[in-house]
Amino acid sequence: MIDIALALGLVFLLFSALVSGIYEWLAGLFNLRGRTLLAGLEGLLGDARLASGERLREQLLAHPLIAAQQQPANWLERAQGWTRRPPSYLAASRYAMVLADLLTRDLGTHQALLRGLPEAVSRLGEGPLRESLQVLVAQAEGDAQRLQQGIEQQFDEVMSRASGWYKRRAQRWLFVIGLLAAAVLNVDALYIGRQLATDAALSARLAAEAQRTVEAGPPSGEREDAYAALREARLPIGWSQAAREQDDVLRLIGWLISALAASLGAPFWFDALSRLVSLRTAGARPPPAGAPIPAASPPPAVLVLPAAGGAAAGSEDGPLNDFERDQLNEVDIEALQAALGLPEAQRSGRLDASTRAAIRAWQQGRGQAPSGALDEAQVMALLYPET
């Protein structure tokens, strides 16, 4: 029975990786993360305007400290009138400093940045932004550092909610993409389950493949690699003659189950497989009575990760999947390194060995597979933690 569960889990893992890869490609094409950030800023700033009449949100995005994070618009965004892509992420500390800089310079205060922000708030036009900032100024009681912390906390709270919007929307899209992919590839969960239940050799082969997959680590986030892995595993999917003869209603139900599985995401299925593999391999059988007791094995070697800048430090430098390569720039990585608690001297803006070690420790602390690679949900959890 556990072999059937492992084999079915492998099917869902590889299929989820393919669906997630397709979604990440679409999210990058339409810059869904940037649009989510804009929605969060809209909630923070509303329709607040500077003395020139320009919207504060647009001026904040155009500020050099934030514009440096933005890439040129792609062909789809240029068709909509955009010249630059909104950033996918924004560190709370950067938001606080840029907001203070814009308001103090625009309203001509006697002091700059956070020390001059209380005066700027008193001159700001009526609106939700002024009301919320007045509360934070009152709470700070003249302490610029406390004021900055208050603005950062407010930003994190709003972006945490925006992250929730994004996750719920992503899950809906994963289901839709999963249903379409299941129909095209005929990933029928009911048919697959019947095949596994009646073919012991197939379920044993896929169970062994599932164990190798867990030992090798999470599958690549690239859709091409995920599709290749799906084909190479020789899963009972596709439009074989036997599959064509299945009842149409049952086939549709099987597609819906596969789509629901895909909406849970590849990390969920990798964790589930890891637990099943542990259950399958736990508790070696005791030796028969009278058998010699084997000599104690030497303790396993301890893997020591080199410090950044060491001889092997460059071995892990660079992105490990499409998401890291396409969506994370140096500023994003510096914010992640700060969120991981790395000292300022190690915040290099690169995904180096010390950063990978910190990511693994963070993943392990959350009960996730310590792969060292980041996906969208993990980045949002790091930068905008739940409050």
# chains A, B, ... in the order shown; residues from 1 in each chain; ligands from 1
$ residues_around --residues "Leu336 (chain A)" --least-positions-apart "3" --cutoff "9 Å" --atoms "only C-alpha atoms" --output "list in words"
Ala91, Val331, Asp332, Ile333, Ala339, Leu340, Gly341, Arg347, Gly349, Thr355, Val379, Leu382 and Leu383 of chain A
$ residues_around --residues "region 8-25 of chain A" --least-positions-apart "6" --cutoff "6 Å" --atoms "only C-alpha atoms" --output "count of residues only"
12
$ closest_residue --among "A:Tyr166, A:Phe268, A:Trp239, A:Trp255" --to "Ala183 (chain A)" --atoms "only C-alpha atoms"
A:Trp255
$ residues_around --residues "region 35-46 of chain A" --least-positions-apart "5" --cutoff "12 Å" --atoms "only C-alpha atoms" --output "count of residues only"
53
$ residues_around --residues "Arg212 (chain A)" --least-positions-apart "5" --cutoff "12 Å" --atoms "only C-alpha atoms" --output "list in words"
Leu6, Ala7, Leu10, Arg205, Leu206, Ala207, Gly217, Pro218, Pro219, Ala233, Phe270, Leu273, Ser274 and Val277 of chain A
$ residues_around --residues "Arg366 (chain A)" --least-positions-apart "6" --cutoff "12 Å" --atoms "only C-alpha atoms" --output "list in words"
Asp271, Ile359, Arg360, Gln378, Ala381 and Leu382 of chain A
$ residues_around --residues "Arg350 (chain A)" --least-positions-apart "5" --cutoff "10 Å" --atoms "only C-alpha atoms" --output "short mmCIF file (atom, residue, chain, number, x, y, z; two decimals) with C-alpha atoms, in the first residue's frame"
data_model
loop_
_atom_site.label_atom_id
_atom_site.label_comp_id
_atom_site.auth_asym_id
_atom_site.auth_seq_id
_atom_site.Cartn_x
_atom_site.Cartn_y
_atom_site.Cartn_z
CA GLU A 316 26.84 27.67 -4.86
CA ASP A 317 26.87 31.20 -6.21
CA GLY A 318 24.06 32.06 -8.58
CA PRO A 319 20.42 31.05 -9.08
CA LEU A 328 15.52 38.24 -7.72
CA ASN A 329 18.01 41.07 -8.19
CA GLU A 330 20.81 42.23 -5.88
CA VAL A 331 18.55 44.54 -3.86
CA ASP A 332 16.01 41.75 -3.34
CA ILE A 333 18.75 39.37 -2.21
CA GLU A 334 20.17 41.93 0.23
CA GLN A 337 19.87 38.28 3.65
CA THR A 355 23.22 32.70 2.23
CA ARG A 356 22.37 29.17 1.08
#
